[in-house]
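Trainee: What follows is a structure written as structure tokens; I'll ask about it next.
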Amino acid sequence: MKMVIAIIQPWRLEYVKEALYAAEVKLMTVSEVLGHGRQDGAPEIYRGQKETGNLLRKIRLEIAVNEAFVEPTIAAIQKGAKTGEVGDGKIFVYELAEVVRIRTGERGGKAIG
Amino acid sequence: MKMVIAIIQPWRLEYVKEALYAAEVKLMTVSEVLGHGRQDGAPEIYRGQKETGNLLRKIRLEIAVNEAFVEPTIAAIQKGAKTGEVGDGKIFVYELAEVVRIRTGERGGKAIG
Amino acid sequence: MKMVIAIIQPWRLEYVKEALYAAEVKLMTVSEVLGHGRQDGAPEIYRGQKETGNLLRKIRLEIAVNEAFVEPTIAAIQKGAKTGEVGDGKIFVYELAEVVRIRTGERGGKAIG
Amino acid sequence: MKRFSSFLTALTLAVAALSAQTAAPTPVLSSGNTAWLLAATALVMFMTAPALGLFYGGLVRKKNVLSVLMQCFAALAIVSVIWVAFGYSLAFSDTEIIPGVLGDFKWAFFNGMTPEVLSPYYISDATGRVPHLVFAMFQCMFAVITPALIAGAFAERMKFSFFVLFTALWEILIYIPLAHMVWSANGVLFKLGVLDFAGGTVVHINAGFAALAVVLLLGKRSNHRTLPPHNLAYTMMGAAMLWFGWFGFNAGSSLAADGIGASAFVATNSAAAAAGLVWPFLDWLINKRPTILGAATGAVVGLVAVTPAAGFVNPAGAMAIGAIATIVCFFMVTVVKEKLGYDDALDAFGCHGIGGIVGALLTGVFADPRLWKAFGATYSGALYGNPGQLGIQAIGVLVSVCLAFFGTLIIYKLVDLVLRARVSVHEEEVGLDITQHNERAYTVID
Amino acid sequence: MKRFSSFLTALTLAVAALSAQTAAPTPVLSSGNTAWLLAATALVMFMTAPALGLFYGGLVRKKNVLSVLMQCFAALAIVSVIWVAFGYSLAFSDTEIIPGVLGDFKWAFFNGMTPEVLSPYYISDATGRVPHLVFAMFQCMFAVITPALIAGAFAERMKFSFFVLFTALWEILIYIPLAHMVWSANGVLFKLGVLDFAGGTVVHINAGFAALAVVLLLGKRSNHRTLPPHNLAYTMMGAAMLWFGWFGFNAGSSLAADGIGASAFVATNSAAAAAGLVWPFLDWLINKRPTILGAATGAVVGLVAVTPAAGFVNPAGAMAIGAIATIVCFFMVTVVKEKLGYDDALDAFGCHGIGGIVGALLTGVFADPRLWKAFGATYSGALYGNPGQLGIQAIGVLVSVCLAFFGTLIIYKLVDLVLRARVSVHEEEVGLDITQHNERAYTVID
Amino acid sequence: MKRFSSFLTALTLAVAALSAQTAAPTPVLSSGNTAWLLAATALVMFMTAPALGLFYGGLVRKKNVLSVLMQCFAALAIVSVIWVAFGYSLAFSDTEIIPGVLGDFKWAFFNGMTPEVLSPYYISDATGRVPHLVFAMFQCMFAVITPALIAGAFAERMKFSFFVLFTALWEILIYIPLAHMVWSANGVLFKLGVLDFAGGTVVHINAGFAALAVVLLLGKRSNHRTLPPHNLAYTMMGAAMLWFGWFGFNAGSSLAADGIGASAFVATNSAAAAAGLVWPFLDWLINKRPTILGAATGAVVGLVAVTPAAGFVNPAGAMAIGAIATIVCFFMVTVVKEKLGYDDALDAFGCHGIGGIVGALLTGVFADPRLWKAFGATYSGALYGNPGQLGIQAIGVLVSVCLAFFGTLIIYKLVDLVLRARVSVHEEEVGLDITQHNERAYTVID
Ligand SMILES: Nc1ncnc2c1ncn2[C@@H]1O[C@H](COP(=O)(O)OP(=O)(O)O)[C@@H](O)[C@H]1O
Ligand SMILES: Nc1ncnc2c1ncn2[C@@H]1O[C@H](COP(=O)(O)OP(=O)(O)O)[C@@H](O)[C@H]1O
Ligand SMILES: Nc1ncnc2c1ncn2[C@@H]1O[C@H](COP(=O)(O)OP(=O)(O)O)[C@@H](O)[C@H]1O
């Protein structure tokens, strides 16, 4: 079992969700984060002063999947999130030791979906 | 050392915290996330139109524990979060390679608590 | 490849960012979390009643790095975040199985930076 | 048409003289008085929504903020309809169904109150009148805010359907009779001689003790512990807007743009200012930090306490009333409430009930006879050689406390026969916004 | 100076009599009327910003809230400048460039309108006048809010540069001529005898159908699905503030602090209250929960619908108008809009266009002749034996619908020659706040 | 009682004629003027809280928003108490402790100012007076907002205890004497003949240069870099509310609901509108995007600049003043401030100090003699053949700049002997809300 974490542009979320649904990946956890990457982004200007913070708004997706779904999930995220511009984001994957469905107590691969 | 991540219903947080304290697990990091799971949830209706977003509010817990505490932690979360309804949430566990307490520089199992 | 997660005091973020830049670690993802640790924190008082929630505001950093950068990253975070007071926070490190740069499709160590 | 002397309870005796004196000139429309009362009516409307909504809404948890805003808004809508339909007539008609207690339907749907008809009621200006319609609308906004104030006590746990039915019935069975008793020329309490310039009894004591009655029956919130307000900026905004609107409430209660209105304006501001300093000062002494919530709460307590006194006290008296009421309420809210353990969520009882009593009693102490001298009347408190007034004030307080408290117990039980008052524990946990209205106040991402 | 009889379309015939009657006394400054109209002008200003800004701003997504607030604020600034420079003169001058359709530049920059000059316009009080400057400013705020109302329809997708140019041209080419036709003594519509107390045609029908024209040309938002409002507390605040400001809008339209103003005040509050109850009640029936957004929307619809009727109907009539308009608008917004598929983002057409029509027609039904009797005029609706009025109202509606709709189509196309109206899909996705203004409303952490 | 001619500095000479002319009719209460001034007083109160609080509060970081709101609210409470106790008397009494500089305690606690006593002060209407109490309260709200304006400069780093003591002392030692010198009939600056309709010197220049003095002594915020405002919707709301309240500030300053008040109302709106367009236009030119913060800032600068001019300039003049002041302030805030490196956090100096100076000087250019002609007085600026006025205005500016700047330096140093002004770096990092008040504005989850 793997956990796939993706950091994407906020406005690509709809596209990514669509692509994931198409790949039969339907469960996910989403949050709002700030990212510092290679993307510069025109600084906002307040009363003529350039804002010097350099954290851009991003969306973070957390998707737990069984092995067979790892590559389709990555592919779907890429499909939905890619625009070719700097700032498109990254995908991080790590090994999950255990998954538990709270409602039933099921564990492992069965609990993931 | 393991990291236990739990996604739970927001209003179960108090119960989960209580159960964790009872299990002597007292350190945790909490955040607000949106989840798309099996739970459908009645859509909200604004000016007669059904809202079509399908992300529900959830709480995400992040708890680092030593091996011996993994199962008690899972059990405590289950105890606090379980209502038997769809949407109760999931627990994800993964291996931690290292833990550092910033204040003291301690590492590993000693740093976790 | 490793993922370094740090929970720090909100007002140390600027210092940590500076220290990370100095260590040539420039990419990161940041979010606001609530933490329950050893730190007690004077409870807030509303209309004379002590607030009984015990979750303190923290900042969570997520930094993916190649092996060679793990210790410099930890050191930089410690440098920026440490005040010696309880509540300084923790660093958690775990193994990354894969990293993908969405824009280019690059994978692994090349995708991380 | 029978000429009313004045609607102020306080004016019972004095008014005889006043009417005699001013009997000669025929009342005419005063565009100046009307201009002020139109503005004042808008200001009092502003107090219920958005002001009170924000003040209360900021104090609850995110998941309940809309339910609180909705209660304020719904009170405005429901009571406005009742008031126009028959409420005003029952409360202020000079012909009565129950003598001294309840008017009749003569002015139902403002029947006969065509635009040119002048208000039979006046306070300080017998000659320069406002249209009857304006007086009726000004009173409407008082009738509106009273049940909205109660909502602070039972926040975060009442079913909306119960709220609607309760509010309508409470308005008809408690507010309207009390208003008639206190403000109508035939009212039983009117004849007592209680001084109440702008509604300390009918609005604040009434709402405060109704609040207490409701929470005693309704019980605590299921997870009753101190939670931080979800948006203190709203609360601060709301408090400032209440202060702003209160100028209409108190200074409008002279029904004239004259010196008495001005004096009530000064008293209002002075009491609010003094009280807004005292509460954070007590915070500072006792809890080490002067709080913003304390400043906002103090200001509101000061405004409550000065309401019955506004047109009768000098600025120093007003400050004293604000300061003393704040000390008492601080003690009630921070010590007594915890001891007794009732869950007055946003301190509707602690601020309006207690603040209202302190203000009503102290009006009997600080009423300064010099204020009305040029207007041909005398209102003196204990400090100016008329200790008897304090006794009269105490009777007024007692009667309204009893009416409000026991009356509300009965109404609650009545509505309870039809509808369950409380949401389920699960609904409470999920929050009233979703469970009662299927809406959320804020998005997380969008 | 030529004496105007009155600016109300409704007064065409009646006014002859009225003027005759009141010809004798020389008009003098009434400080009371002036006091109320100054306050009312401030109240109407308050409606555009912050009230409308908050009402609309709360309904859009976080990334677009500033663009909406900016549109309201910019409308206030742009129209104020145009109005003073030449707008007022073109709209209200009694000498004309195009007879019956457009005034001239005689009062450009308020030329000749020194402080002591009295308003040539009056409604219910012929003798007690306000300064001409006050009348001009009161009208300014009506001219300001109208284009701001339209902005609700095209929210979340229009370029700011287009908005600026469009608003300026629309104001000059649509609003000003319509105002002249309807409100000036020589206006072609003025002579029809349409009853419109406070601007149902010029403001609401006009804005509503302009909104429809714009969205038909502009197209839907690229991701057109129902999204939750980002902050319903703002929307609620905004609705309450609109209600508050509307007292100035409607009760100020008598241009006097008198019984007619008072009557308009009562009608305004009654309609808003009834409508604010009906919409959530329909929600309850149809969607199982009474919503806060429904209460806020209903109240606004009630206020829109009562605008033309305010000074002509009794409280029961006002409630009926509010309730009926709400039922119609509820149906438009929840059923028809979806069926037809136009993207009226915040229901500017559904609430103002449709609500305005219902109100205008019902004014012809509920106008109660007893109201103006003492003021020497008679305005009767079908219910009071004058069915013809309904026909006149229908003509008024038709003319203003056509003018607004087709005129706006032309203006849009005109501006479209110079500037693209829509932001790109990418800009829409990123949000207008960043792409149009390079600012964000809220920080995430700071 | 000695009859005052008028409190306006501007009226020194003209007023002799005016008083003579109007000596005959006995002053009487004007309910119309009183109605407007009561409303105007409420409006000016509204400017400090919630308006200024929101305007400023939105601009700071989340962790400091309450501290800013608290400073506005505390200024309201503290100054109100001081004003009633002795401030009004020291500022406006006609008998003096220091001739030409400071009144005495004759009106302490509004002694002798019973409700029927008329205001000895008037501007454009000598006969129709308001109660003395109303005049005193109207002035109170000016005294309240001035120290609150300063708070914008030292936001995010001052200890609350220092703020309290500083505000009280500054009010007594700077504001009150300056008000006496400028507004009292015996005041030394009054006799200079400086034109200042509504408080350009006493309020805005005064607050602006006090702000500069404080930040020079206090130093920069420890992490002094440009941070995004935490809630621009609040700032926009606040700006709109300030605009709304400013109608009371400026149009109320005629102390009458008449043409002069109306003219000030028009000028106020015109200047704000022009300025609210110019700033975002400069943004557009220089930084590629018209900003909302620019529109809000511009509007406020326009309102500041027109304050001294409001009753003296025609609408075109008002627009010119608004536009010119905005260009100057834009340059100060975006270029000069950065160059010089002082940390005027929310631009209290840049907007109020500089905008106030530009407005004061331009009043000497654009004052239009036609405005007061019918009122028996003449106020002409350079544009109307009276270049000398510009010189007089410059002297007025210089004197108030020096008084404010050096006086504030001294007060600051004085308070600094007792209390440290700055919070520690750690407290600044954690935020003032928690460290000064032990509260947070917003919850994260609840
Ligand atoms: N090494 C990393 N560790 C943590 N987060 C990262 C890392 N690299 C990128 N991110 C996240 O991904 C986002 C997009 O990265 P960016 O470098 O801007 O895009 P691109 O990969 O297209 O160059 C960043 O804003 C940041 O949130
Ligand atoms: N595979 C997954 N990956 C990431 N998050 C998940 C996954 N499955 C569930 N979640 C999270 O857990 C929440 C609850 O899951 P849900 O399926 O509704 O409950 P249940 O497990 O009771 O059927 C979801 O809203 C989502 O946030
Ligand atoms: N075992 C843990 N699991 C998850 N989060 C933790 C854990 N320990 C600490 N944290 C996070 O780190 C923050 C700081 O920890 P705390 O114990 O207060 O500091 P210190 O390590 O200096 O004693 C906590 O508020 C919490 O968010």
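Lettering and numbering for the structure tokens are positional, with chains as A, B, ... in the shown order, residues counted from 1 in each chain, and ligands counted from 1 in the shown order.
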Do you know which residues are at most 6 Å from Ala198 of chain F counting only C-alpha atoms, after dropping those on the same chain fewer than 2 positions away, and could you put them as number ranges by chain?

Mentor: F: 196, 250, 253, 307-308

Trainee: Residues as selected, all heavy atoms, written as a PDB file, in the first residue's frame, can you do that?

Mentor:
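File produced: part-v6.pdb:
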ATOM      1  N   ASP F 196     -10.791  76.426   8.095  1.00  0.00           N
ATOM      2  CA  ASP F 196     -10.773  74.990   8.403  1.00  0.00           C
ATOM      3  C   ASP F 196     -12.190  74.587   8.758  1.00  0.00           C
ATOM      4  O   ASP F 196     -12.625  74.755   9.891  1.00  0.00           O
ATOM      5  CB  ASP F 196      -9.814  74.695   9.556  1.00  0.00           C
ATOM      6  CG  ASP F 196      -9.767  73.209   9.876  1.00  0.00           C
ATOM      7  OD1 ASP F 196     -10.475  72.425   9.221  1.00  0.00           O
ATOM      8  OD2 ASP F 196      -9.016  72.828  10.788  1.00  0.00           O
ATOM      9  N   ASN F 250     -18.256  66.087   8.184  1.00  0.00           N
ATOM     10  CA  ASN F 250     -18.151  67.328   7.413  1.00  0.00           C
ATOM     11  C   ASN F 250     -19.474  68.078   7.309  1.00  0.00           C
ATOM     12  O   ASN F 250     -19.527  69.279   7.569  1.00  0.00           O
ATOM     13  CB  ASN F 250     -17.626  67.029   6.007  1.00  0.00           C
ATOM     14  CG  ASN F 250     -16.149  66.720   6.007  1.00  0.00           C
ATOM     15  OD1 ASN F 250     -15.495  66.791   7.049  1.00  0.00           O
ATOM     16  ND2 ASN F 250     -15.604  66.379   4.857  1.00  0.00           N
ATOM     17  N   SER F 253     -20.641  69.649  10.400  1.00  0.00           N
ATOM     18  CA  SER F 253     -19.868  70.777  10.911  1.00  0.00           C
ATOM     19  C   SER F 253     -20.479  72.132  10.615  1.00  0.00           C
ATOM     20  O   SER F 253     -19.971  73.150  11.078  1.00  0.00           O
ATOM     21  CB  SER F 253     -18.427  70.711  10.383  1.00  0.00           C
ATOM     22  OG  SER F 253     -17.720  69.709  11.088  1.00  0.00           O
ATOM     23  N   THR F 307     -11.678  67.790   4.202  1.00  0.00           N
ATOM     24  CA  THR F 307     -12.211  68.148   5.519  1.00  0.00           C
ATOM     25  C   THR F 307     -12.122  69.650   5.819  1.00  0.00           C
ATOM     26  O   THR F 307     -13.129  70.268   6.171  1.00  0.00           O
ATOM     27  CB  THR F 307     -11.553  67.285   6.611  1.00  0.00           C
ATOM     28  OG1 THR F 307     -11.923  65.926   6.386  1.00  0.00           O
ATOM     29  CG2 THR F 307     -11.994  67.700   7.992  1.00  0.00           C
ATOM     30  N   PRO F 308     -10.960  70.264   5.681  1.00  0.00           N
ATOM     31  CA  PRO F 308     -10.920  71.700   5.971  1.00  0.00           C
ATOM     32  C   PRO F 308     -11.690  72.527   4.940  1.00  0.00           C
ATOM     33  O   PRO F 308     -12.146  73.635   5.230  1.00  0.00           O
ATOM     34  CB  PRO F 308      -9.427  72.032   5.906  1.00  0.00           C
ATOM     35  CG  PRO F 308      -8.816  70.952   5.082  1.00  0.00           C
ATOM     36  CD  PRO F 308      -9.627  69.727   5.359  1.00  0.00           C
TER      37      PRO F 308
END

Trainee: If the limit is 7 Å from any atom of ligand 2, counting only C-alpha atoms and all ligand atoms, which residues qualify? Return them as a list in words.

Mentor: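 The residues near ligand 2 are Leu27, Met28, Thr29, Glu62, Ile63, Ala64, Val65, Arg101, Ile102, Arg103, Ile112 and Gly113 of chain A; Ile7, Ile8, Leu34, Gly35, His36, Gly37, Arg38, Gln39, Leu56, Lys58, Glu85, Val86, Gly87, Asp88, Gly89 and Lys90 of chain B.
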
Trainee: Show which residues sit within 7 Å of Thr41 of chain D, as a ChimeraX atom specification. Count only C-alpha atoms, and ignore same-chain residues fewer than 4 positions away.

Mentor: /D:37,45,137-138,141,248

Trainee: Write the residues of the selection above to a file with N, CA, C and O atoms, as a PDB file, in the first residue's frame.

Mentor:
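This went into part-v9.pdb:
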ATOM      1  N   LEU D  37     -36.697  60.889  14.612  1.00  0.00           N
ATOM      2  CA  LEU D  37     -37.290  59.607  14.969  1.00  0.00           C
ATOM      3  C   LEU D  37     -37.229  58.600  13.815  1.00  0.00           C
ATOM      4  O   LEU D  37     -37.094  57.391  14.053  1.00  0.00           O
ATOM      5  N   MET D  45     -33.371  49.419  14.409  1.00  0.00           N
ATOM      6  CA  MET D  45     -33.425  48.246  13.535  1.00  0.00           C
ATOM      7  C   MET D  45     -32.011  47.684  13.338  1.00  0.00           C
ATOM      8  O   MET D  45     -31.782  46.475  13.422  1.00  0.00           O
ATOM      9  N   MET D 137     -43.575  52.483  14.426  1.00  0.00           N
ATOM     10  CA  MET D 137     -42.406  51.773  13.904  1.00  0.00           C
ATOM     11  C   MET D 137     -41.232  51.819  14.861  1.00  0.00           C
ATOM     12  O   MET D 137     -40.456  50.878  14.971  1.00  0.00           O
ATOM     13  N   PHE D 138     -41.089  52.949  15.540  1.00  0.00           N
ATOM     14  CA  PHE D 138     -40.022  53.050  16.539  1.00  0.00           C
ATOM     15  C   PHE D 138     -40.246  51.977  17.600  1.00  0.00           C
ATOM     16  O   PHE D 138     -39.336  51.223  17.943  1.00  0.00           O
ATOM     17  N   MET D 141     -39.310  48.364  16.569  1.00  0.00           N
ATOM     18  CA  MET D 141     -37.918  47.922  16.643  1.00  0.00           C
ATOM     19  C   MET D 141     -37.513  47.515  18.061  1.00  0.00           C
ATOM     20  O   MET D 141     -36.624  46.699  18.245  1.00  0.00           O
ATOM     21  N   GLY D 248     -29.997  55.750  18.876  1.00  0.00           N
ATOM     22  CA  GLY D 248     -31.389  55.808  18.434  1.00  0.00           C
ATOM     23  C   GLY D 248     -32.328  55.293  19.509  1.00  0.00           C
ATOM     24  O   GLY D 248     -33.383  55.878  19.784  1.00  0.00           O
TER      25      GLY D 248
END

Trainee: Just list as a ChimeraX atom specification whatever in chain A DSSP marks as alpha helix (DSSP H).

Mentor: /A:13-22,67-81,109-112

Trainee: Determine, for each residue of chain F having at least one atom at most 10 Å from an atom of chain B, the closest pair of atoms and their separation in Å to one decimal, counting only C-alpha atoms; order by chain and ascending number, as a tab-separated table.

Mentor:
residue	atom	partner	partner_atom	distance
F:Val444	CA	B:Glu32	CA	8.0
F:Ile445	CA	B:Glu32	CA	6.7
F:Asp446	CA	B:Pro10	CA	8.7

Trainee: Would you kindly report the residues of chain E within 7 Å of chain D, using only C-alpha atoms, as a PyMOL selection string?

Mentor: chain E and resi 31-33+35-36+61-62+230-233+237+240-241+244+247+257-260+262-263+266+270+273-274+276-277+289-292+315-316+371+374

Trainee: Next, dump the selected residues to file, keeping only N, CA and C atoms, as a compact mmCIF listing (two decimals), in the first residue's frame.

Mentor:
# COMPACT_ATOMS: atom_id res chain seq x y z
N SER E 31 -35.69 72.74 7.85
CA SER E 31 -34.49 72.08 8.39
C SER E 31 -34.83 70.64 8.77
N GLY E 32 -36.08 70.38 9.14
CA GLY E 32 -36.47 69.02 9.48
C GLY E 32 -36.41 68.12 8.27
N ASN E 33 -37.01 68.56 7.15
CA ASN E 33 -36.95 67.76 5.93
C ASN E 33 -35.51 67.59 5.47
N ALA E 35 -32.82 67.66 7.34
CA ALA E 35 -32.13 66.74 8.25
C ALA E 35 -32.39 65.30 7.83
N TRP E 36 -33.64 64.98 7.55
CA TRP E 36 -33.98 63.62 7.17
C TRP E 36 -33.36 63.27 5.81
N ARG E 61 -16.70 33.18 -4.63
CA ARG E 61 -15.60 32.42 -4.07
C ARG E 61 -14.52 33.36 -3.53
N LYS E 62 -13.73 32.82 -2.62
CA LYS E 62 -12.70 33.63 -1.97
C LYS E 62 -11.83 34.38 -2.96
N HIS E 230 -18.71 31.88 -0.17
CA HIS E 230 -17.51 31.73 0.66
C HIS E 230 -17.68 32.30 2.06
N ASN E 231 -18.66 33.20 2.25
CA ASN E 231 -18.87 33.72 3.59
C ASN E 231 -20.30 34.22 3.74
N LEU E 232 -21.17 33.34 4.22
CA LEU E 232 -22.58 33.72 4.37
C LEU E 232 -22.80 34.72 5.49
N ALA E 233 -21.85 34.84 6.39
CA ALA E 233 -21.99 35.87 7.43
C ALA E 233 -21.91 37.25 6.78
N MET E 237 -24.90 40.02 6.89
CA MET E 237 -24.58 41.41 7.26
C MET E 237 -25.02 42.36 6.17
N ALA E 240 -28.78 42.75 5.98
CA ALA E 240 -29.30 43.59 7.07
C ALA E 240 -28.97 45.05 6.81
N MET E 241 -27.77 45.30 6.30
CA MET E 241 -27.38 46.68 6.02
C MET E 241 -28.18 47.26 4.85
N PHE E 244 -31.49 48.28 6.28
CA PHE E 244 -31.26 49.53 7.01
C PHE E 244 -31.19 50.71 6.03
N PHE E 247 -34.38 52.14 4.19
CA PHE E 247 -35.26 53.13 4.84
C PHE E 247 -34.97 54.51 4.25
N ALA E 257 -39.71 64.79 5.99
CA ALA E 257 -39.89 64.02 7.22
C ALA E 257 -41.33 64.18 7.65
N ASP E 258 -42.22 63.51 6.94
CA ASP E 258 -43.64 63.66 7.24
C ASP E 258 -44.35 62.32 7.18
N GLY E 259 -45.64 62.36 7.16
CA GLY E 259 -46.43 61.14 7.18
C GLY E 259 -46.23 60.26 5.97
N ILE E 260 -46.01 60.87 4.80
CA ILE E 260 -45.80 60.05 3.61
C ILE E 260 -44.46 59.31 3.72
N ALA E 262 -43.11 58.50 6.49
CA ALA E 262 -43.35 57.51 7.54
C ALA E 262 -44.08 56.30 6.97
N SER E 263 -45.04 56.57 6.12
CA SER E 263 -45.82 55.49 5.54
C SER E 263 -44.94 54.62 4.65
N VAL E 266 -42.89 52.38 6.90
CA VAL E 266 -43.67 51.24 7.38
C VAL E 266 -43.81 50.19 6.28
N SER E 270 -42.44 46.37 6.37
CA SER E 270 -43.45 45.31 6.33
C SER E 270 -43.19 44.35 5.17
N ALA E 273 -40.08 42.23 5.86
CA ALA E 273 -40.33 41.22 6.88
C ALA E 273 -41.13 40.05 6.31
N ALA E 274 -42.20 40.38 5.59
CA ALA E 274 -43.03 39.32 5.03
C ALA E 274 -42.21 38.47 4.06
N GLY E 276 -39.01 38.16 3.91
CA GLY E 276 -37.95 37.46 4.62
C GLY E 276 -38.46 36.22 5.35
N LEU E 277 -39.75 36.13 5.54
CA LEU E 277 -40.33 34.92 6.12
C LEU E 277 -40.73 33.92 5.02
N ARG E 289 -35.21 22.48 4.63
CA ARG E 289 -34.62 23.33 5.65
C ARG E 289 -34.83 24.80 5.29
N PRO E 290 -35.21 25.62 6.29
CA PRO E 290 -35.28 27.06 6.05
C PRO E 290 -33.85 27.58 6.02
N THR E 291 -33.48 28.29 4.97
CA THR E 291 -32.08 28.71 4.89
C THR E 291 -31.92 30.19 5.23
N ILE E 292 -30.74 30.48 5.70
CA ILE E 292 -30.36 31.86 6.01
C ILE E 292 -30.23 32.64 4.72
N PRO E 315 -49.82 48.98 5.14
CA PRO E 315 -48.93 47.90 5.59
C PRO E 315 -49.35 46.52 5.10
N ALA E 316 -50.64 46.25 5.08
CA ALA E 316 -51.08 44.93 4.63
C ALA E 316 -50.76 44.76 3.15
N LEU E 371 -54.26 57.01 1.64
CA LEU E 371 -52.98 57.51 2.11
C LEU E 371 -52.72 58.97 1.78
N ALA E 374 -55.31 63.30 2.70
CA ALA E 374 -55.06 64.54 3.44
C ALA E 374 -54.03 65.41 2.74

Trainee: How would you write, as a PyMOL selection string, the set of residues in segment 10-66 of chain B that DSSP gives as strand (DSSP E or B)?

Mentor: chain B and resi 28-36+45-46+49-50+56-65

Trainee: Could you write out that same residue set with C-alpha atoms as a CSV table (one decimal), in the first residue's frame?

Mentor:
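So result.csv came out as:
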chain,number,residue,atom,x,y,z
B,28,MET,CA,-0.3,15.1,18.4
B,29,THR,CA,-0.7,17.5,15.6
B,30,VAL,CA,-4.1,18.4,14.3
B,31,SER,CA,-5.4,20.1,11.1
B,32,GLU,CA,-8.5,20.7,9.2
B,33,VAL,CA,-8.9,18.9,5.9
B,34,LEU,CA,-11.5,18.1,3.3
B,35,GLY,CA,-12.2,14.5,2.5
B,36,HIS,CA,-13.8,12.6,-0.3
B,45,ILE,CA,-28.6,23.8,-1.0
B,46,TYR,CA,-28.1,27.4,-1.9
B,49,GLN,CA,-29.4,24.8,-6.2
B,50,LYS,CA,-27.7,21.7,-4.9
B,56,LEU,CA,-16.6,17.0,3.4
B,57,ARG,CA,-14.9,18.6,6.4
B,58,LYS,CA,-12.7,16.2,8.3
B,59,ILE,CA,-10.0,16.5,11.0
B,60,ARG,CA,-6.6,15.0,10.4
B,61,LEU,CA,-4.5,13.8,13.3
B,62,GLU,CA,-0.8,13.1,13.1
B,63,ILE,CA,0.7,11.1,15.9
B,64,ALA,CA,4.2,9.8,16.1
B,65,VAL,CA,4.6,6.9,18.5

Trainee: Using only C-alpha atoms and all ligand atoms, which of B:Pro72, B:Glu98, B:Met3, B:Gly108 sits nearest ligand 3?

Mentor: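 Under the stated criterion, the closest residue is B:Met3.
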
Trainee: What is the atom CA of Leu217 of chain F to atom CA of Val423 of chain F distance in Å?

Mentor: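 That distance, rounded to one decimal, is 13.8 Å.
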
Trainee: What's the 8 Å shell around His352 of chain F, counting only C-alpha atoms, without same-chain residues fewer than 3 positions away, as an NGL selection string?

Mentor: :F and (204-205 or 207-208 or 301 or 304 or 347-349 or 355-356)

Trainee: How far is it from atom CA of Gly302 of chain F to atom CA of Thr235 of chain F, in Å with one decimal?

Mentor: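 Here the two named atoms are 16.2 Å from each other.
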
Trainee: How many Å separate atom 1 (N, counted along the ligand's line) of ligand 1 from atom CA of Lys110 of chain B?

Mentor: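 So the two atoms, atom 1 (N, counted along the ligand's line) of ligand 1 and atom CA of Lys110 of chain B, lie 27.5 Å apart.
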
Trainee: So that I can check the surroundings of Met332 of chain F, please list as a list in words every protein, DNA and RNA residue that reaches within 12 Å of it, counting only C-alpha atoms and ignoring chain neighbours fewer than 3 positions away.

Mentor: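 Final neighbour list, sorted by chain and number: Arg47, Gly48 and Gln49 of chain A; Val301, Ala325, Thr326, Ile327, Val328, Cys329, Val335, Val336, Lys337, Glu338, Lys339, Leu340, Gly341, Tyr342, Asp344, Asp347, Ala348, Phe349, Gly350, Cys351, His352, Gly353, Ile354 and Gly355 of chain F.
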
Trainee: Pick out the residues sitting within 12 Å of Ala360 of chain F, and hand them over as a ChimeraX atom specification; count only C-alpha atoms, and ignore anything fewer than 5 positions along from it in its own chain.

Mentor: /F:10,194-205,304-310,312-313,321-322,325,352-355,365-367,381,389-398,400-401
